[in-house]
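Shown next: target_9.pdb, given as PDB, C-alpha atoms and all ligand atoms.
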```
ATOM      1  CA  MET F   1       0.000   0.000   0.000  1.00  0.00           C
ATOM      2  CA  THR F   2       1.389   3.400  -1.001  1.00  0.00           C
ATOM      3  CA  LEU F   3       1.812   6.102   1.599  1.00  0.00           C
ATOM      4  CA  ALA F   4       0.861   9.559   0.351  1.00  0.00           C
ATOM      5  CA  LEU F   5       1.846  12.727   2.153  1.00  0.00           C
ATOM      6  CA  TYR F   6      -0.109  15.926   1.607  1.00  0.00           C
ATOM      7  CA  LEU F   7       2.454  18.671   1.903  1.00  0.00           C
ATOM      8  CA  HIS F   8       4.093  21.874   0.926  1.00  0.00           C
ATOM      9  CA  PRO F   9       7.904  21.691   1.239  1.00  0.00           C
ATOM     10  CA  LEU F  10       8.236  25.091   2.932  1.00  0.00           C
ATOM     11  CA  SER F  11       6.007  24.088   5.844  1.00  0.00           C
ATOM     12  CA  SER F  12       7.886  23.535   9.080  1.00  0.00           C
ATOM     13  CA  TYR F  13       5.568  20.725  10.170  1.00  0.00           C
ATOM     14  CA  VAL F  14       5.961  19.042   6.783  1.00  0.00           C
ATOM     15  CA  GLN F  15       9.730  19.206   7.207  1.00  0.00           C
ATOM     16  CA  LYS F  16       9.327  17.642  10.638  1.00  0.00           C
ATOM     17  CA  ALA F  17       7.339  14.704   9.237  1.00  0.00           C
ATOM     18  CA  LYS F  18       9.665  14.285   6.244  1.00  0.00           C
ATOM     19  CA  THR F  19      12.644  14.086   8.609  1.00  0.00           C
ATOM     20  CA  GLY F  20      10.947  11.077  10.184  1.00  0.00           C
ATOM     21  CA  PHE F  21      10.450   9.393   6.781  1.00  0.00           C
ATOM     22  CA  TYR F  22      14.047  10.042   5.755  1.00  0.00           C
ATOM     23  CA  GLU F  23      15.485   8.850   9.080  1.00  0.00           C
ATOM     24  CA  LYS F  24      13.579   5.601   8.590  1.00  0.00           C
ATOM     25  CA  ASP F  25      14.106   5.357   4.843  1.00  0.00           C
ATOM     26  CA  VAL F  26      10.381   4.845   4.327  1.00  0.00           C
ATOM     27  CA  ALA F  27       9.147   5.831   0.854  1.00  0.00           C
ATOM     28  CA  PHE F  28       6.083   8.005   0.268  1.00  0.00           C
ATOM     29  CA  GLU F  29       4.330   9.731  -2.598  1.00  0.00           C
ATOM     30  CA  THR F  30       3.984  13.485  -2.567  1.00  0.00           C
ATOM     31  CA  ARG F  31       0.595  15.177  -2.787  1.00  0.00           C
ATOM     32  CA  MET F  32       1.685  18.749  -3.407  1.00  0.00           C
ATOM     33  CA  LEU F  33      -0.542  21.415  -1.882  1.00  0.00           C
ATOM     34  CA  ASP F  34       0.156  24.455  -4.020  1.00  0.00           C
ATOM     35  CA  GLY F  35      -3.468  25.499  -4.404  1.00  0.00           C
ATOM     36  CA  SER F  36      -4.029  23.618  -7.633  1.00  0.00           C
ATOM     37  CA  ASP F  37      -6.525  20.893  -8.350  1.00  0.00           C
ATOM     38  CA  PRO F  38      -7.163  18.011  -8.189  1.00  0.00           C
ATOM     39  CA  VAL F  39      -4.997  17.723  -5.038  1.00  0.00           C
ATOM     40  CA  ALA F  40      -6.401  20.864  -3.376  1.00  0.00           C
ATOM     41  CA  SER F  41     -10.014  19.673  -3.689  1.00  0.00           C
ATOM     42  CA  GLU F  42      -9.132  16.118  -2.756  1.00  0.00           C
ATOM     43  CA  PHE F  43      -7.350  17.374   0.374  1.00  0.00           C
ATOM     44  CA  ALA F  44     -10.206  19.717   1.335  1.00  0.00           C
ATOM     45  CA  ALA F  45     -12.644  16.823   1.066  1.00  0.00           C
ATOM     46  CA  ARG F  46     -10.490  14.431   3.069  1.00  0.00           C
ATOM     47  CA  TRP F  47      -9.270  16.880   5.725  1.00  0.00           C
ATOM     48  CA  PRO F  48     -11.451  19.995   6.017  1.00  0.00           C
ATOM     49  CA  ILE F  49      -9.310  21.267   8.896  1.00  0.00           C
ATOM     50  CA  GLY F  50      -6.920  22.224   6.097  1.00  0.00           C
ATOM     51  CA  ARG F  51      -3.656  21.990   8.004  1.00  0.00           C
ATOM     52  CA  PHE F  52      -0.830  19.826   6.830  1.00  0.00           C
ATOM     53  CA  PRO F  53       1.095  17.518   6.748  1.00  0.00           C
ATOM     54  CA  VAL F  54      -1.460  14.750   6.538  1.00  0.00           C
ATOM     55  CA  LEU F  55      -0.542  11.171   5.711  1.00  0.00           C
ATOM     56  CA  ALA F  56      -2.882   8.879   3.792  1.00  0.00           C
ATOM     57  CA  ASP F  57      -2.249   5.168   4.182  1.00  0.00           C
ATOM     58  CA  GLY F  58      -5.022   3.679   2.088  1.00  0.00           C
ATOM     59  CA  ASP F  59      -8.229   4.809   3.764  1.00  0.00           C
ATOM     60  CA  ALA F  60      -6.467   5.733   7.003  1.00  0.00           C
ATOM     61  CA  LEU F  61      -5.674   9.409   7.500  1.00  0.00           C
ATOM     62  CA  ILE F  62      -3.018  10.427   9.978  1.00  0.00           C
ATOM     63  CA  PHE F  63      -2.834  14.082  10.917  1.00  0.00           C
ATOM     64  CA  GLU F  64      -0.335  16.050  13.046  1.00  0.00           C
ATOM     65  CA  ALA F  65       3.371  15.723  12.317  1.00  0.00           C
ATOM     66  CA  THR F  66       3.981  14.102  15.706  1.00  0.00           C
ATOM     67  CA  SER F  67       1.305  11.481  15.052  1.00  0.00           C
ATOM     68  CA  ILE F  68       2.701  10.772  11.601  1.00  0.00           C
ATOM     69  CA  ILE F  69       6.092   9.962  13.125  1.00  0.00           C
ATOM     70  CA  ASP F  70       4.424   7.893  15.853  1.00  0.00           C
ATOM     71  CA  TYR F  71       2.525   6.056  13.117  1.00  0.00           C
ATOM     72  CA  LEU F  72       5.726   5.330  11.198  1.00  0.00           C
ATOM     73  CA  ASP F  73       7.260   3.844  14.360  1.00  0.00           C
ATOM     74  CA  ALA F  74       4.236   1.572  14.739  1.00  0.00           C
ATOM     75  CA  ARG F  75       3.776   0.709  11.053  1.00  0.00           C
ATOM     76  CA  PHE F  76       7.459   0.044  10.342  1.00  0.00           C
ATOM     77  CA  PRO F  77       8.781  -1.431  13.593  1.00  0.00           C
ATOM     78  CA  GLU F  78      11.906  -2.714  11.828  1.00  0.00           C
ATOM     79  CA  THR F  79      13.108   0.851  11.111  1.00  0.00           C
ATOM     80  CA  LEU F  80      15.013   3.212  13.409  1.00  0.00           C
ATOM     81  CA  ARG F  81      12.689   4.192  16.266  1.00  0.00           C
ATOM     82  CA  LEU F  82      12.085   7.894  16.776  1.00  0.00           C
ATOM     83  CA  VAL F  83      10.168   7.417  20.013  1.00  0.00           C
ATOM     84  CA  PRO F  84      12.066   5.014  22.285  1.00  0.00           C
ATOM     85  CA  GLU F  85      10.417   1.789  23.374  1.00  0.00           C
ATOM     86  CA  ASP F  86      11.397   2.466  26.978  1.00  0.00           C
ATOM     87  CA  ALA F  87       8.396   4.235  28.510  1.00  0.00           C
ATOM     88  CA  MET F  88      10.343   6.726  30.633  1.00  0.00           C
ATOM     89  CA  ALA F  89      12.644   7.639  27.742  1.00  0.00           C
ATOM     90  CA  ALA F  90       9.551   8.059  25.553  1.00  0.00           C
ATOM     91  CA  VAL F  91       8.054  10.529  28.042  1.00  0.00           C
ATOM     92  CA  GLU F  92      11.189  12.648  27.780  1.00  0.00           C
ATOM     93  CA  VAL F  93      11.134  12.588  23.970  1.00  0.00           C
ATOM     94  CA  ARG F  94       7.439  13.445  23.737  1.00  0.00           C
ATOM     95  CA  MET F  95       7.862  16.237  26.287  1.00  0.00           C
ATOM     96  CA  TRP F  96      10.597  17.910  24.227  1.00  0.00           C
ATOM     97  CA  ASP F  97       8.635  17.372  21.031  1.00  0.00           C
ATOM     98  CA  ARG F  98       5.844  19.378  22.654  1.00  0.00           C
ATOM     99  CA  PHE F  99       8.365  22.000  23.767  1.00  0.00           C
ATOM    100  CA  PHE F 100       9.506  22.700  20.203  1.00  0.00           C
ATOM    101  CA  ASP F 101       5.961  22.823  18.822  1.00  0.00           C
ATOM    102  CA  ASN F 102       4.431  24.860  21.629  1.00  0.00           C
ATOM    103  CA  TYR F 103       7.212  27.154  22.798  1.00  0.00           C
ATOM    104  CA  VAL F 104       9.276  27.656  19.635  1.00  0.00           C
ATOM    105  CA  SER F 105       7.067  27.053  16.576  1.00  0.00           C
ATOM    106  CA  TYR F 106       3.916  28.489  18.116  1.00  0.00           C
ATOM    107  CA  PRO F 107       5.335  31.950  18.993  1.00  0.00           C
ATOM    108  CA  GLN F 108       7.307  31.950  15.717  1.00  0.00           C
ATOM    109  CA  GLN F 109       4.093  31.369  13.730  1.00  0.00           C
ATOM    110  CA  ARG F 110       2.323  34.169  15.657  1.00  0.00           C
ATOM    111  CA  ILE F 111       5.025  36.638  14.605  1.00  0.00           C
ATOM    112  CA  VAL F 112       4.785  35.597  10.954  1.00  0.00           C
ATOM    113  CA  TYR F 113       0.985  35.509  10.887  1.00  0.00           C
ATOM    114  CA  ARG F 114       0.857  38.961  12.471  1.00  0.00           C
ATOM    115  CA  ALA F 115       3.339  40.298   9.899  1.00  0.00           C
ATOM    116  CA  ILE F 116       1.229  39.029   6.978  1.00  0.00           C
ATOM    117  CA  GLY F 117      -2.033  40.271   8.512  1.00  0.00           C
ATOM    118  CA  ARG F 118      -3.437  36.810   9.131  1.00  0.00           C
ATOM    119  CA  GLU F 119      -3.735  37.561  12.848  1.00  0.00           C
ATOM    120  CA  PRO F 120      -4.478  40.936  14.459  1.00  0.00           C
ATOM    121  CA  ASP F 121      -1.624  43.396  14.929  1.00  0.00           C
ATOM    122  CA  ASP F 122      -0.791  43.607  18.636  1.00  0.00           C
ATOM    123  CA  GLY F 123       0.586  47.117  18.101  1.00  0.00           C
ATOM    124  CA  GLU F 124       3.836  46.065  19.752  1.00  0.00           C
ATOM    125  CA  GLY F 125       5.667  44.427  16.854  1.00  0.00           C
ATOM    126  CA  GLY F 126       4.973  40.967  18.247  1.00  0.00           C
ATOM    127  CA  ALA F 127       6.941  41.818  21.432  1.00  0.00           C
ATOM    128  CA  LYS F 128       5.101  39.241  23.535  1.00  0.00           C
ATOM    129  CA  TRP F 129       5.997  36.418  21.143  1.00  0.00           C
ATOM    130  CA  LYS F 130       9.584  37.596  20.753  1.00  0.00           C
ATOM    131  CA  THR F 131       9.965  37.498  24.538  1.00  0.00           C
ATOM    132  CA  ALA F 132       8.491  33.996  24.531  1.00  0.00           C
ATOM    133  CA  LEU F 133      11.072  32.917  21.945  1.00  0.00           C
ATOM    134  CA  GLU F 134      13.902  34.481  23.960  1.00  0.00           C
ATOM    135  CA  THR F 135      12.784  32.533  27.032  1.00  0.00           C
ATOM    136  CA  ALA F 136      12.762  29.321  25.018  1.00  0.00           C
ATOM    137  CA  TYR F 137      16.196  30.121  23.548  1.00  0.00           C
ATOM    138  CA  GLY F 138      17.716  30.606  27.009  1.00  0.00           C
ATOM    139  CA  LEU F 139      16.265  27.382  28.303  1.00  0.00           C
ATOM    140  CA  LEU F 140      17.412  25.401  25.262  1.00  0.00           C
ATOM    141  CA  ASP F 141      20.894  26.880  25.351  1.00  0.00           C
ATOM    142  CA  ALA F 142      21.324  25.665  28.923  1.00  0.00           C
ATOM    143  CA  ARG F 143      19.892  22.236  28.079  1.00  0.00           C
ATOM    144  CA  MET F 144      22.041  21.717  25.007  1.00  0.00           C
ATOM    145  CA  ALA F 145      25.309  22.676  26.757  1.00  0.00           C
ATOM    146  CA  ASP F 146      26.116  19.017  27.438  1.00  0.00           C
ATOM    147  CA  ARG F 147      23.955  17.184  24.894  1.00  0.00           C
ATOM    148  CA  THR F 148      24.085  16.241  21.248  1.00  0.00           C
ATOM    149  CA  TRP F 149      20.337  15.746  20.715  1.00  0.00           C
ATOM    150  CA  ALA F 150      17.344  17.050  22.609  1.00  0.00           C
ATOM    151  CA  ALA F 151      16.498  13.877  24.529  1.00  0.00           C
ATOM    152  CA  GLY F 152      18.891  10.936  24.249  1.00  0.00           C
ATOM    153  CA  GLU F 153      19.495   9.576  20.745  1.00  0.00           C
ATOM    154  CA  PHE F 154      18.203  11.446  17.668  1.00  0.00           C
ATOM    155  CA  SER F 155      14.424  11.297  18.061  1.00  0.00           C
ATOM    156  CA  LEU F 156      10.999  12.749  17.365  1.00  0.00           C
ATOM    157  CA  ALA F 157      12.053  15.729  19.498  1.00  0.00           C
ATOM    158  CA  ASP F 158      14.895  16.542  17.097  1.00  0.00           C
ATOM    159  CA  CYS F 159      12.586  16.139  14.094  1.00  0.00           C
ATOM    160  CA  ALA F 160      10.476  18.883  15.709  1.00  0.00           C
ATOM    161  CA  ALA F 161      13.476  20.984  16.703  1.00  0.00           C
ATOM    162  CA  ALA F 162      15.077  21.233  13.260  1.00  0.00           C
ATOM    163  CA  PRO F 163      12.421  23.243  11.392  1.00  0.00           C
ATOM    164  CA  ALA F 164      11.320  25.029  14.579  1.00  0.00           C
ATOM    165  CA  LEU F 165      14.823  26.419  15.133  1.00  0.00           C
ATOM    166  CA  LEU F 166      15.410  27.053  11.430  1.00  0.00           C
ATOM    167  CA  TYR F 167      12.431  29.382  11.175  1.00  0.00           C
ATOM    168  CA  ALA F 168      12.632  30.802  14.705  1.00  0.00           C
ATOM    169  CA  ASP F 169      16.121  32.111  13.971  1.00  0.00           C
ATOM    170  CA  TRP F 170      14.941  33.608  10.672  1.00  0.00           C
ATOM    171  CA  THR F 171      12.030  35.230  12.497  1.00  0.00           C
ATOM    172  CA  HIS F 172      13.683  36.466  15.688  1.00  0.00           C
ATOM    173  CA  PRO F 173      17.432  35.721  15.634  1.00  0.00           C
ATOM    174  CA  ILE F 174      18.905  33.525  18.347  1.00  0.00           C
ATOM    175  CA  PRO F 175      21.365  35.769  20.236  1.00  0.00           C
ATOM    176  CA  GLU F 176      24.975  35.008  19.362  1.00  0.00           C
ATOM    177  CA  HIS F 177      25.961  34.248  22.951  1.00  0.00           C
ATOM    178  CA  PHE F 178      23.682  31.186  22.983  1.00  0.00           C
ATOM    179  CA  ALA F 179      26.553  29.150  21.536  1.00  0.00           C
ATOM    180  CA  ALA F 180      25.235  25.720  22.572  1.00  0.00           C
ATOM    181  CA  LEU F 181      21.886  26.416  20.922  1.00  0.00           C
ATOM    182  CA  HIS F 182      23.552  27.667  17.738  1.00  0.00           C
ATOM    183  CA  ALA F 183      25.719  24.540  17.668  1.00  0.00           C
ATOM    184  CA  TYR F 184      22.637  22.329  18.116  1.00  0.00           C
ATOM    185  CA  ARG F 185      20.814  24.168  15.326  1.00  0.00           C
ATOM    186  CA  GLN F 186      23.804  23.606  13.020  1.00  0.00           C
ATOM    187  CA  ARG F 187      23.893  19.887  13.935  1.00  0.00           C
ATOM    188  CA  LEU F 188      20.222  19.632  13.043  1.00  0.00           C
ATOM    189  CA  LEU F 189      20.686  21.424   9.718  1.00  0.00           C
ATOM    190  CA  GLY F 190      23.537  19.051   8.899  1.00  0.00           C
ATOM    191  CA  ARG F 191      21.662  15.877   9.797  1.00  0.00           C
ATOM    192  CA  PRO F 192      21.169  14.165   6.383  1.00  0.00           C
ATOM    193  CA  SER F 193      17.449  13.530   6.931  1.00  0.00           C
ATOM    194  CA  TYR F 194      16.686  17.150   7.754  1.00  0.00           C
ATOM    195  CA  ALA F 195      19.195  18.504   5.210  1.00  0.00           C
ATOM    196  CA  ARG F 196      17.208  16.673   2.536  1.00  0.00           C
ATOM    197  CA  ALA F 197      13.893  18.203   3.664  1.00  0.00           C
ATOM    198  CA  LEU F 198      15.585  21.607   3.806  1.00  0.00           C
ATOM    199  CA  ASP F 199      16.991  21.202   0.281  1.00  0.00           C
ATOM    200  CA  GLU F 200      13.559  20.273  -1.037  1.00  0.00           C
ATOM    201  CA  ALA F 201      12.237  23.556   0.353  1.00  0.00           C
ATOM    202  CA  ARG F 202      14.992  25.667  -1.241  1.00  0.00           C
ATOM    203  CA  PRO F 203      13.062  26.489  -4.441  1.00  0.00           C
ATOM    204  CA  TYR F 204      10.277  27.978  -2.292  1.00  0.00           C
ATOM    205  CA  ARG F 205      12.390  30.017   0.149  1.00  0.00           C
ATOM    206  CA  HIS F 206      11.462  33.280  -1.515  1.00  0.00           C
ATOM    207  CA  MET F 207       7.922  32.642  -0.223  1.00  0.00           C
ATOM    208  CA  PHE F 208       8.985  32.952   3.429  1.00  0.00           C
ATOM    209  CA  PRO F 209       7.041  36.085   4.402  1.00  0.00           C
ATOM    210  CA  LEU F 210       9.763  37.773   6.448  1.00  0.00           C
ATOM    211  CA  GLY F 211      12.501  37.103   3.873  1.00  0.00           C
ATOM    212  CA  ALA F 212      14.809  34.099   4.011  1.00  0.00           C
ATOM    213  CA  PRO F 213      18.577  34.568   4.420  1.00  0.00           C
ATOM    214  CA  THR F 214      20.497  34.081   1.175  1.00  0.00           C
ATOM    215  CA  ASP F 215      23.964  33.533   2.646  1.00  0.00           C
ATOM    216  CA  ARG F 216      23.419  30.663   5.106  1.00  0.00           C
ATOM    217  CA  ASP F 217      21.275  27.670   6.116  1.00  0.00           C
TER     218      ASP F 217
HETATM  219  N1  LIG F 301      -0.388  20.948  14.699  1.00  0.00           N
HETATM  220  C1  LIG F 301      -0.104  20.712  13.280  1.00  0.00           C
HETATM  221  C2  LIG F 301       0.268  22.049  12.678  1.00  0.00           C
HETATM  222  C3  LIG F 301       0.310  22.006  11.207  1.00  0.00           C
HETATM  223  C4  LIG F 301       0.411  23.405  10.612  1.00  0.00           C
HETATM  224  O1  LIG F 301       0.245  24.417  11.309  1.00  0.00           O
HETATM  225  N2  LIG F 301       0.664  23.439   9.331  1.00  0.00           N
HETATM  226  C5  LIG F 301       0.711  24.701   8.626  1.00  0.00           C
HETATM  227  C6  LIG F 301       1.910  24.743   7.711  1.00  0.00           C
HETATM  228  S1  LIG F 301       3.413  24.776   8.653  1.00  0.00           S
HETATM  229  C7  LIG F 301      -0.523  24.794   7.767  1.00  0.00           C
HETATM  230  O2  LIG F 301      -1.178  23.811   7.517  1.00  0.00           O
HETATM  231  N3  LIG F 301      -0.870  25.980   7.320  1.00  0.00           N
HETATM  232  C8  LIG F 301      -1.958  26.154   6.399  1.00  0.00           C
HETATM  233  C9  LIG F 301      -3.088  26.861   7.014  1.00  0.00           C
HETATM  234  O3  LIG F 301      -3.046  27.192   8.196  1.00  0.00           O
HETATM  235  O4  LIG F 301      -4.034  27.124   6.267  1.00  0.00           O
HETATM  236  C10 LIG F 301       1.006  19.661  13.151  1.00  0.00           C
HETATM  237  O5  LIG F 301       1.745  19.454  14.121  1.00  0.00           O
HETATM  238  O6  LIG F 301       1.133  19.004  12.117  1.00  0.00           O
END
```
What would you get if you wrote out this structure as structure tokens?
Amino acid sequence: MTLALYLHPLSSYVQKAKTGFYEKDVAFETRMLDGSDPVASEFAARWPIGRFPVLADGDALIFEATSIIDYLDARFPETLRLVPEDAMAAVEVRMWDRFFDNYVSYPQQRIVYRAIGREPDDGEGGAKWKTALETAYGLLDARMADRTWAAGEFSLADCAAAPALLYADWTHPIPEHFAALHAYRQRLLGRPSYARALDEARPYRHMFPLGAPTDRD
């Protein structure tokens, strides 16, 4: 049975899910969501919530990037696990996965959505969300001082971290003195699975609303 992933390559959550596929070397077909039919209509009919990535495995629909990676662990148990089998280690991984989605990607998306008028202007240049990102940066810098990956071996948490930190730094730069966090971000960008997802997004970088850097990443 063919796996089909509804996606746009620039999407951070798509990159997160793709990192899981590439870590596991599991093949999938692309259903490109660029507004054109028939994929746009097919997607709207199957998943009216409209957010992606969404994985179709026959009639089964798996939504949320985290759940897609969980699903791959369950569906392909012979491949590299991204959530450890050990229950306590799994708690740690899931906790940090939530951290990157909720405390890095969420404020980062608020800043972008405000800038493009999709959410109301707070009149403060997104100050509240920038402060939230700075708090997350400080915490992560301290955590990553003596670690290679976010929670043990490379895991679901790192799949979440890679695009979250890519776009967070483009949106509200990570201060230079957070050396451990910068080093972690560079490790993530160099991880072959994420580097592949990042490369696939390169042709669309000009669409990043705040302007993507042209000399790095
Ligand atoms: N909680 C979802 C978030 C997915 C999400 O926000 N996707 C964005 C792209 S990064 C999207 O679908 N945007 C289209 C829209 O909001 O209409 C997940 O973890 O997969």
Between atom CA of F:Lys130 and atom CA of F:Pro213, what is the spacing in Å? 18.9 Å
Within 10 Å of ligand LIG 301 (chain F), counting all atoms listed in the file, which protein or nucleic acid residues do you find, written as number ranges by chain? F: 6-17, 33, 49-54, 62-68, 97-98, 101-102, 105-106, 109, 113, 118, 160, 163-164
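The coordinates place atom CA of F:Leu5 at 5.2 Å from atom CA of F:Thr30.
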Using all atoms listed in the file, can you tell me which of F:Phe178, F:Phe43, F:Tyr167, F:Tyr204 comes closest to F:Ile111? F:Tyr167
Can you check which parts of stretch 18-47 of chain F lie within 12 Å of stretch 74-81 of chain F? Per residue, the shortest pair of atoms and distance in Å to one decimal, counting only C-alpha atoms, sorted by chain and number, as CSV.
```
residue,atom,partner,partner_atom,distance
F:Gly20,CA,F:Arg81,CA,9.4
F:Phe21,CA,F:Thr79,CA,9.9
F:Tyr22,CA,F:Leu80,CA,10.3
F:Glu23,CA,F:Leu80,CA,7.1
F:Lys24,CA,F:Thr79,CA,5.4
F:Asp25,CA,F:Thr79,CA,7.8
F:Val26,CA,F:Phe76,CA,8.2
F:Ala27,CA,F:Phe76,CA,11.2
```
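Here atom CA of F:Arg114 stands at a distance of 19.1 Å from atom CA of F:Arg205.
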Evaluate the PyMOL selection byres (((chain F and resi 144-154) around 8) and not hetatm) and record the selected residues as JSON, numbers by chain, following the chain and residue labels used in the document. {"F": [82, 89, 92, 93, 96, 140, 141, 142, 143, 155, 156, 157, 158, 180, 181, 184]}
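Nearest residue to F:Gly125 among F:Tyr137, F:Ala179, F:Ala162, F:His172 is F:His172, counting only C-alpha atoms.
For the residues F:Ala161, F:Leu139, F:Glu134, F:Gly190, ranking by smallest atom-to-atom distance to F:Pro175 using all atoms listed in the file places F:Glu134 first.
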Once the PyMOL selection byres (((chain F and resi 197) around 8) and not hetatm) has been applied to the shown file, what residues remain in the selection, as a VMD selection string? chain F and resid 9 15 18 to 19 193 to 196 198 to 201
Selection: 10 Å around F:Trp170, only C-alpha atoms, excl. self and same-chain fewer than 2 positions, as a PyMOL selection string: chain F and resi 108+165-168+172-174+208+210-213+217
Output, as JSON, the centre and edge lengths in Å (one decimal) of the axis-aligned box that contains all listed atoms of stretch 129-134 of chain F with 6 Å of margin on each side.
```
{"center_x": 9.9, "center_y": 35.3, "center_z": 22.6, "size_x": 19.9, "size_y": 16.7, "size_z": 15.8}
```
Compile the contact shell of F:Ala60 as a PDB file with C-alpha atoms, in the frame of the given file: residues with an atom at most 10 Å away, counting all atoms listed in the file, same-chain residues fewer than 4 positions apart removed.
```pdb
ATOM      1  CA  LEU F   3       1.812   6.102   1.599  1.00  0.00           C
ATOM      2  CA  LEU F  55      -0.542  11.171   5.711  1.00  0.00           C
ATOM      3  CA  ALA F  56      -2.882   8.879   3.792  1.00  0.00           C
TER       4      ALA F  56
END
```
Counting all atoms listed in the file, the residue of F:Phe100, F:Arg202, F:His177, F:Thr171 that sits nearest F:Ala115: F:Thr171
